[in-house]
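To keep things clear, I will list the structure first and then write my remarks on it.
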Amino acid sequence: MKIDHSLPLEYSTKQNDQNIFGFWVFLAAEIMLFATLFTSYFTLEHRVGNGPSGSEIFEITPVLIETLVLLTSSFTIGLGIHAMRIGKQKAMLTFFAITLVLGLGFLGFEIDEFITYIHEGATLQTSAFTAILMMTLGTHGAHVTFGLFWGAGIVMQIKKRGLTPETTNKSFIFSLYWHFLDVVWIFIFSFIYLKGMM
Amino acid sequence: MDFLDRFAVPNPSIAIYASMVAIGLTVVAIFAGLTYFKKWGYLWREWLTTVDHKRIGIMYLISALIMLFRGGVDAIMMRAQLAVPDNKLMDAQHYNEVFSTHGVIMLLFMAMPFIFAFMNYLVPLQIGARDVAFPRLNALSFWLFFFGAMLLNISFVVGGSPDAGWTSYFPLAGNELSPSVGTNYYMFAIQISGLGSLMTGINMITTIIKMRAPSMTLMKMPMFTWSSLVTNLIIVTVFPVLTVALAMGSMDRLFGTHFFTTTNGGMDMLWANLFWVWGHPEVYILILPAFGLYSEIISTFAGRNLYGYKSMVASMVIISALSCLVWAHHFFTMGQGPTANSFFSITTMAISVPTGVKMFNWLFTLWKGKIRFTVPMLYSIGFIPLFVIGGMTGVMLAMSAADYQYHNTMFLVAHFHNVIIPGVVFAMLAGLTYYWPKMFGFMLNERIGKWAFWLLSIGFCLAFFPMYITGLDGQARRMYTYSEATGYGALNMVSFVGAGIMAISFAIIVYNVYYSVRYSPRNISADPWDARSLEWATHTPVPEYNFAITPNVASSQAFWDTKKKGHELFSGELEKIHMPNNSGVPFIMGAIFFVWGFSFIFSLWIPAIISTIAILVCLVLRSFEVDHGRYISVKEIEETEIKLRGVN
């Protein structure tokens, strides 16, 4: 394994460089996935059948808290990657842990939101609108859930193996994924919640 | 017994019972054979756990050929049913199942693996790389495809085949009108193999962008590699759309959601749109690598550089962009209004311009060339006029006003077979013959191959040209029979005869493989066709590491430069080579995905949850695994090189 010390650790081998590039291509596919969900959402948005519409079930307060929690987690993982670049393993792990806790908090709010919807009679089977709403939110939520396990795995590996070309590469890729989920959430917040409440 | 009832086939017939027996006997024979010849260890070590792009390519190739025969049998059954009016060979339900599986298998489980076979085998060789960027992911892609294909193929003996067409339009494909599990098979089998295709897309793009030999700029890549790059960009763009559409369709069928239903706000046309947003680019995913193969073959056997390299690249990029803007031409008659129809009509016709550019480039490559009429060249030359006919009927179909006459008739069936068979199937057979010596170390017999080519071409014309006429006359597609008064009988009989000749031609190709395995000389050179691009510059059989020294190229015809202009391809010292380790995890994950899909298809929730967890466990294990690969020492490389050079 040739290590090029002029580059940051996460880019230092050829395989690392390929991993990061490949992950960007994967994110392009993810953009298409969420774009399809959004397109379907806009198509089905007003097709509520006998069920409630968006303005009847959306509540701004929990959504705003969710948004702030997730945006903060994107900031803390950025700090984590910065700490990693300057070789401060302990600071990095702390920021990663904060990120994951915030992610968990976000997920808690989202689960609570789903339960509220179901109590209000907006279940997966109610109408085309509720189905696409829950599928879009659910796909994002599933990504966050997956990210929590992934991030926890990376924290464990760094504790065990330290900052190596492999572990830093994984952490950097994970940070790309986490930022991406944040971007998707901004679209969900703007075009599903705010648009729906207007 | 209630539990087992769900696995019974809803519309059994003698053919299905016979297939059950045949499948059972084949499985027993394979297991017995492997045990008797003590090949289990060999199979596991050399094939099931391999991450070598060349072996994965060969496994794709074998799977594609097997699926070609499965789909071909479906085709013969359909033509036999339609050969005479009021035929009673099959009933309507059986016919629906046969044309649905024929379409799914031929497109997704025959043509797709066929192009992946060539991409896997050729791209790393053409760019001077040692493997793809993510070898283990590549193995996973293959096994997901393989188990997806197996899942669809057990449908007709366990629970019933899909019967809503390969497009599976809702509401026909909904629970109400398709109550059997057939459409569940469609949703999950395609979902699983689609995941594999997406991974291949990511893998190939990374390979081509990041792993080319240092001297190979983008515009020095061989044309097949360019076509693979463009194709994989389309794959990454559109396969996620299919993923979402299939997920929604599955949820409609399994969890009672209302995405595509006709009640509670559901919108059936959303499926048609999403399906074709993927489905139309999908046909370009198949045809562009075929164009790449034709470019390689035509330039080799015309003895000339490919004419218009830059315009070839540009036209492929333009085709890929336009391919994503034409999807609504599949349903001009479904009422989206004249504005939308005009837009999609124009974009569709615009695609014929870059395609025409490619046609002229091939013709100009042939111009003044010393053409050698070998089997791969015959397919390539046969492709040009036949594909142009198919393309022109495509432009006819693209005119939205006129399409009201052609829509859902045999004219359409004739059109898309006329582009897919001379376009994709001819390319695959040409590529198979052309690269056979590189893959297996001996040539296929030319004389038998020419018989197969001529019979296939004649059979193709007889089978599909009459459909243009019956289609214009009003014969609908997907109808299991027609009355004598319609007068379609004679032309349908001609089609049946044509289909029979095509079947004979495929049998001859199989015989050719058998004949060549037995009698073909083994002491051939590594460059039996006097070819031009980099993949021919290495030894035959290709060593595991492809190139002992990373090649230094000067043009897209690197090997030709070496032979004719004295360009030095390999310079420098041997160094130890890093290679990835084999792994059984991709195979095991594929098998778990099979169980996962099967459990969802039959709503078996406990195994569904267990297999989901098992998939996640595989991911965790992979993440925690420490695997730095292995090195091949300089001494070992030297020994291999001396041994292989002795052969040549």
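Going through the structure tokens in order, the chains are called A, B, and so on, while each chain numbers its residues from 1 and the ligands are numbered from 1 in the order shown.
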Excluding segment 206-210 of chain B and any residue of its chain fewer than 4 positions from it, enumerate the residues within 6 Å of it, using only C-alpha atoms, and give them as JSON, numbers by chain.
-> {"A": [22], "B": [132, 133]}
Write down, as a ChimeraX atom specification, each residue of chain B that has any atom within 7 Å of an atom of chain A, counting only C-alpha atoms.
-> /B:133,202-203,206,210,236-237,240-241,244,256-259,264-266
Now that the selection is made, can you save its residues with N, CA, C and O atoms as a PDB file, in the first residue's frame?
```pdb
ATOM      1  N   ALA B 133     -12.521  -1.010  -9.755  1.00  0.00           N
ATOM      2  CA  ALA B 133     -12.186  -0.218  -8.568  1.00  0.00           C
ATOM      3  C   ALA B 133     -12.583  -0.939  -7.279  1.00  0.00           C
ATOM      4  O   ALA B 133     -11.873  -0.871  -6.273  1.00  0.00           O
ATOM      5  N   ILE B 202     -21.807   2.277 -10.492  1.00  0.00           N
ATOM      6  CA  ILE B 202     -20.883   3.056  -9.673  1.00  0.00           C
ATOM      7  C   ILE B 202     -19.460   2.543  -9.837  1.00  0.00           C
ATOM      8  O   ILE B 202     -18.501   3.305 -10.006  1.00  0.00           O
ATOM      9  N   ASN B 203     -19.342   1.211  -9.818  1.00  0.00           N
ATOM     10  CA  ASN B 203     -18.043   0.562  -9.899  1.00  0.00           C
ATOM     11  C   ASN B 203     -17.337   0.879 -11.218  1.00  0.00           C
ATOM     12  O   ASN B 203     -16.155   1.246 -11.243  1.00  0.00           O
ATOM     13  N   THR B 206     -16.219   4.608 -11.576  1.00  0.00           N
ATOM     14  CA  THR B 206     -15.000   4.841 -10.791  1.00  0.00           C
ATOM     15  C   THR B 206     -13.801   4.193 -11.467  1.00  0.00           C
ATOM     16  O   THR B 206     -12.720   4.790 -11.542  1.00  0.00           O
ATOM     17  N   LYS B 210     -10.908   6.610 -12.670  1.00  0.00           N
ATOM     18  CA  LYS B 210      -9.762   6.640 -11.751  1.00  0.00           C
ATOM     19  C   LYS B 210      -8.648   5.642 -12.051  1.00  0.00           C
ATOM     20  O   LYS B 210      -7.571   5.749 -11.487  1.00  0.00           O
ATOM     21  N   VAL B 236     -26.548   4.900 -13.484  1.00  0.00           N
ATOM     22  CA  VAL B 236     -26.599   5.570 -12.181  1.00  0.00           C
ATOM     23  C   VAL B 236     -27.709   6.616 -12.161  1.00  0.00           C
ATOM     24  O   VAL B 236     -28.324   6.866 -11.130  1.00  0.00           O
ATOM     25  N   THR B 237     -28.017   7.203 -13.310  1.00  0.00           N
ATOM     26  CA  THR B 237     -29.079   8.207 -13.346  1.00  0.00           C
ATOM     27  C   THR B 237     -30.463   7.589 -13.213  1.00  0.00           C
ATOM     28  O   THR B 237     -31.300   8.106 -12.488  1.00  0.00           O
ATOM     29  N   PRO B 240     -32.103   4.375  -9.918  1.00  0.00           N
ATOM     30  CA  PRO B 240     -32.809   4.753  -8.684  1.00  0.00           C
ATOM     31  C   PRO B 240     -34.298   5.035  -8.909  1.00  0.00           C
ATOM     32  O   PRO B 240     -35.111   4.799  -8.015  1.00  0.00           O
ATOM     33  N   VAL B 241     -34.651   5.508 -10.112  1.00  0.00           N
ATOM     34  CA  VAL B 241     -36.064   5.746 -10.401  1.00  0.00           C
ATOM     35  C   VAL B 241     -36.821   4.423 -10.373  1.00  0.00           C
ATOM     36  O   VAL B 241     -37.914   4.314  -9.799  1.00  0.00           O
ATOM     37  N   VAL B 244     -37.398   3.193  -6.798  1.00  0.00           N
ATOM     38  CA  VAL B 244     -38.533   3.823  -6.124  1.00  0.00           C
ATOM     39  C   VAL B 244     -39.851   3.282  -6.687  1.00  0.00           C
ATOM     40  O   VAL B 244     -40.762   2.934  -5.927  1.00  0.00           O
ATOM     41  N   GLY B 256     -51.073  -2.574   0.999  1.00  0.00           N
ATOM     42  CA  GLY B 256     -52.336  -1.880   0.759  1.00  0.00           C
ATOM     43  C   GLY B 256     -52.233  -0.367   0.666  1.00  0.00           C
ATOM     44  O   GLY B 256     -53.176   0.345   1.007  1.00  0.00           O
ATOM     45  N   THR B 257     -51.102   0.163   0.209  1.00  0.00           N
ATOM     46  CA  THR B 257     -51.011   1.613  -0.008  1.00  0.00           C
ATOM     47  C   THR B 257     -51.753   1.987  -1.293  1.00  0.00           C
ATOM     48  O   THR B 257     -52.219   1.113  -2.028  1.00  0.00           O
ATOM     49  N   HIS B 258     -51.847   3.295  -1.551  1.00  0.00           N
ATOM     50  CA  HIS B 258     -52.615   3.748  -2.720  1.00  0.00           C
ATOM     51  C   HIS B 258     -51.782   4.620  -3.646  1.00  0.00           C
ATOM     52  O   HIS B 258     -52.157   5.721  -3.961  1.00  0.00           O
ATOM     53  N   PHE B 259     -50.612   4.111  -4.047  1.00  0.00           N
ATOM     54  CA  PHE B 259     -49.815   4.890  -4.994  1.00  0.00           C
ATOM     55  C   PHE B 259     -50.423   4.813  -6.395  1.00  0.00           C
ATOM     56  O   PHE B 259     -50.611   5.813  -7.057  1.00  0.00           O
ATOM     57  N   ASN B 264     -58.895   6.346  -3.523  1.00  0.00           N
ATOM     58  CA  ASN B 264     -58.183   7.098  -2.480  1.00  0.00           C
ATOM     59  C   ASN B 264     -57.034   7.945  -3.015  1.00  0.00           C
ATOM     60  O   ASN B 264     -55.993   8.090  -2.360  1.00  0.00           O
ATOM     61  N   GLY B 265     -57.192   8.477  -4.178  1.00  0.00           N
ATOM     62  CA  GLY B 265     -56.189   9.403  -4.691  1.00  0.00           C
ATOM     63  C   GLY B 265     -55.058   8.778  -5.483  1.00  0.00           C
ATOM     64  O   GLY B 265     -54.210   9.495  -6.006  1.00  0.00           O
ATOM     65  N   GLY B 266     -55.007   7.456  -5.560  1.00  0.00           N
ATOM     66  CA  GLY B 266     -53.917   6.807  -6.294  1.00  0.00           C
ATOM     67  C   GLY B 266     -53.909   7.184  -7.768  1.00  0.00           C
ATOM     68  O   GLY B 266     -54.935   7.571  -8.328  1.00  0.00           O
TER      69      GLY B 266
END
```
Give me the residues within 9 Å of Leu93 of chain A as a PyMOL selection string, counting only C-alpha atoms and dropping any in the same chain fewer than 2 places off.
-> chain A and resi 80+83-84+88-91+95-98+155+158-159
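Counting only C-alpha atoms, the residue from B:Lys39, B:Glu176, B:Ser400, B:Arg136 that sits nearest to Gly337 of chain B is B:Ser400.
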Contacts of Pro376 of chain B within 12 Å, only C-alpha atoms, excl. fewer than 5 positions in-chain, as a ChimeraX atom specification | /B:293-302,371,381-383,426-436,443-446,449-450,452-453,529
Per DSSP on the backbone, what are the helix (DSSP H, G or I) residues of chain A, as number ranges by chain?
-> A: 9-11, 14-44, 54-57, 60-85, 89-119, 128-161, 165-197
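Residues within 10 Å of Met219 of chain B, counting only C-alpha atoms and excluding same-chain residues fewer than 5 positions away, are Trp226, Tyr309, Lys310, Val313, Ser555 and Ser556 of chain B.
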Residues within 9 Å of His179 of chain A, only C-alpha atoms, excluding chain neighbours under 6 positions, as a list of chain:residue names = A:Leu71, A:Ser73, A:Ser74, A:Phe75, A:Ile77, A:Gly78
Proximity to Leu7 of chain A - best of A:Ile115, A:Leu102, A:Val144, A:Arg85, only C-alpha atoms = A:Arg85
Which polymer residues have any atom within 12 Å of an atom of Phe187 of chain A, counting only C-alpha atoms, with same-chain residues fewer than 3 positions away left out, as number ranges by chain?
-> A: 31, 34-35, 37-38, 67, 136-137, 140, 180-184, 190-195
Expected file: the selected residues, C-alpha atoms, as a PDB file, in the first residue's frame:
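As written to disk, out29.pdb reads:
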```pdb
ATOM      1  CA  ILE A  31     -30.002  12.367  -5.475  1.00  0.00           C
ATOM      2  CA  PHE A  34     -34.853  11.392  -3.620  1.00  0.00           C
ATOM      3  CA  ALA A  35     -35.640  13.398  -6.766  1.00  0.00           C
ATOM      4  CA  LEU A  37     -39.627  10.626  -4.395  1.00  0.00           C
ATOM      5  CA  PHE A  38     -40.073  14.408  -4.519  1.00  0.00           C
ATOM      6  CA  THR A  67     -34.537  20.689  11.580  1.00  0.00           C
ATOM      7  CA  THR A 136     -40.487  10.083   1.503  1.00  0.00           C
ATOM      8  CA  LEU A 137     -40.015  10.826   5.195  1.00  0.00           C
ATOM      9  CA  HIS A 140     -34.945   9.734   4.792  1.00  0.00           C
ATOM     10  CA  PHE A 180     -26.130  14.676   2.160  1.00  0.00           C
ATOM     11  CA  LEU A 181     -28.969  13.618   4.490  1.00  0.00           C
ATOM     12  CA  ASP A 182     -28.993  17.154   5.823  1.00  0.00           C
ATOM     13  CA  VAL A 183     -29.358  18.618   2.341  1.00  0.00           C
ATOM     14  CA  VAL A 184     -32.231  16.248   1.636  1.00  0.00           C
ATOM     15  CA  SER A 190     -39.029  23.574   2.498  1.00  0.00           C
ATOM     16  CA  PHE A 191     -41.037  21.698  -0.086  1.00  0.00           C
ATOM     17  CA  ILE A 192     -43.044  19.311   2.041  1.00  0.00           C
ATOM     18  CA  TYR A 193     -43.657  21.045   5.360  1.00  0.00           C
ATOM     19  CA  LEU A 194     -43.478  24.785   4.597  1.00  0.00           C
ATOM     20  CA  LYS A 195     -45.165  24.420   1.211  1.00  0.00           C
TER      21      LYS A 195
END
```
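Minimum atom-to-atom distance to Glu535 of chain B, evaluated using only C-alpha atoms, belongs to B:Pro124 out of B:Gly33, B:Gly423, B:Pro124, B:Pro10.
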